[in-house]
Amino acid sequence: MSDARKNIDTLIAQLAEQGYIASSAIATTLYIAQQLERPILIEGPPGVGKTELANATAAMLNKPMFRLQCYEGLDESKALYDWKYSKQLLYVQVLKEQLQEILDGAEGLSSAVERLHNFDDIFYSERFLEPRPLLKALQSDSGAVLLIDEIDKADYEFESLLLEILADFKVTLPEIGTLSAVHKPLVILTSNNTRDLSDALKRRCLHLYIPFPEAKLENQIVQSRVPEVPEALRRQLVDFVHSVRSFDLKKQPAISETIDWARSLLLLHSDSLSKQLVEDTLNVLLKYEEDIAMVTPELHSLIKKSESGLL
């Protein structure tokens, strides 16, 4: 076994200790990203563990995680930096009080303006800077995990803002200049594929697509999160969820919903699925009434199918 394969297997085990069951493809991409210091763009349907991977990675590395939740209209004042206006106003007040002392001895208007000009850089300097998640990650003394969540909800203009950060791990602030990362953060971007991302953004990232897991992997995930669920019930409910995902639903049940359903069945002291039990708890698994109405007539056959996997 190569050293790289051993390191990837170690990553899988370390992520499992944080409650994240990673496939070989996920762990391999994470390993390459760490070694090459490249961002990861994770795409896939909602609820497959994209954000949770960032949380588990930060916990595994014992580094702070800075999360930027994207939305339409997001700009640099919310994502990158802003100014501490109240502190600047206090500085202006102090400057007014010291103005006579500052201008004392100045000969003429040009000399006075020159003296005042020396204070411009203080007014817009790092001491008055209010860092937002992107800048906080770059300035972290111990390194960090930077999660840019649901980048597909942001505008193309915001993608352009990210390009310098993702390529060189530095950012240029007009009032100050270029600030480089103290330690390069591990950057993870997530997308639910609600729109196409720019080629420029994708070129700067390693691409990882996380689909809904296979039954075997989802079984392991449920076991790690809800270990009290009996094995037979766990296998049955996972098979049932996978069958439900074959329907043309408005929202496919995510892994998080599978886990919530497992916890609900455990709370109800269930040891197997029955038609009445599934009818009473289907709203935990499915979030839209039309989806529930579509699945409900097929419950008997779905339960029978999930039971056949136990034989």
# chains A, B, ... in the order shown; residues from 1 in each chain; ligands from 1
>>> residues_around(residues="Leu273 (chain A)", least_positions_apart="6", cutoff="9 Å", atoms="only C-alpha atoms", output="number ranges by chain")
A: 233, 236-237, 265, 303, 306-307
>>> write_last_selection(atoms="C-alpha atoms", output="PDB file, in the first residue's frame")
ATOM      1  CA  LEU A 233     -34.645  -1.654  11.418  1.00  0.00           C
ATOM      2  CA  GLN A 236     -35.013  -1.622   6.428  1.00  0.00           C
ATOM      3  CA  LEU A 237     -35.450   2.133   6.787  1.00  0.00           C
ATOM      4  CA  LEU A 265     -38.556   5.522  14.983  1.00  0.00           C
ATOM      5  CA  ILE A 303     -42.385  -1.730   2.886  1.00  0.00           C
ATOM      6  CA  SER A 306     -37.535  -3.023   2.157  1.00  0.00           C
ATOM      7  CA  GLU A 307     -38.340  -6.238   4.049  1.00  0.00           C
TER       8      GLU A 307
END
>>> closest_atom_pairs(of="region 144-251 of chain A", to="region 7-18 of chain A", cutoff="12 Å", atoms="only C-alpha atoms", output="JSON lines")
{"residue": "A:Gln220", "atom": "CA", "partner": "A:Ala16", "partner_atom": "CA", "distance": 10.1}
{"residue": "A:Ile221", "atom": "CA", "partner": "A:Ala16", "partner_atom": "CA", "distance": 9.2}
{"residue": "A:Gln223", "atom": "CA", "partner": "A:Ala16", "partner_atom": "CA", "distance": 11.3}
{"residue": "A:Ser224", "atom": "CA", "partner": "A:Ala16", "partner_atom": "CA", "distance": 8.1}
{"residue": "A:Arg225", "atom": "CA", "partner": "A:Gln18", "partner_atom": "CA", "distance": 10.4}
>>> closest_residue(among="A:Ala79, A:Ile32, A:Val187, A:Leu277", to="Phe169 (chain A)", atoms="only C-alpha atoms")
A:Val187
>>> atom_distance(atom1="CA of Thr190 (chain A)", atom2="CA of Phe66 (chain A)")
13.8 Å
>>> closest_residue(among="A:Asp239, A:Glu257, A:Asp82, A:Asp199", to="Lys136 (chain A)", atoms="only C-alpha atoms")
A:Asp82
>>> atom_distance(atom1="CA of Ser24 (chain A)", atom2="CA of Glu214 (chain A)")
12.9 Å
>>> closest_residue(among="A:Leu249, A:Leu134, A:Leu208, A:Ala25", to="Glu290 (chain A)", atoms="only C-alpha atoms")
A:Leu249
>>> residues_around(residues="Trp261 (chain A)", least_positions_apart="2", cutoff="9 Å", atoms="only C-alpha atoms", output="VMD selection string")
chain A and resid 237 256 to 259 263 to 266 281 to 282 284 to 285
>>> select_by_dssp(residues="region 94-277 of chain A", states="strand (DSSP E or B)", output="PyMOL selection string")
chain A and resi 129-131+145-149+170-173+177-180+186-191+206-209
>>> residues_around(residues="Thr178 (chain A)", least_positions_apart="2", cutoff="12 Å", atoms="only C-alpha atoms", output="PyMOL selection string")
chain A and resi 126+135+138+164-165+168-176+180-181
>>> closest_residue(among="A:Pro227, A:Pro253, A:Pro64, A:Pro213", to="Gly19 (chain A)", atoms="only C-alpha atoms")
A:Pro227
>>> residues_around(residues="Leu61 (chain A)", least_positions_apart="5", cutoff="9 Å", atoms="only C-alpha atoms", output="ChimeraX atom specification")
/A:56,144-145
>>> residues_around(residues="Arg203 (chain A)", least_positions_apart="6", cutoff="12 Å", atoms="only C-alpha atoms", output="list of chain:residue names")
A:Arg38, A:Pro39, A:Ile40, A:Leu41, A:Leu163, A:Leu166, A:Ala167, A:Leu197
>>> select_by_dssp(residues="region 151-286 of chain A", states="alpha helix (DSSP H)", output="ChimeraX atom specification")
/A:156-168,199-203,215-225,231-244,255-267,275-285
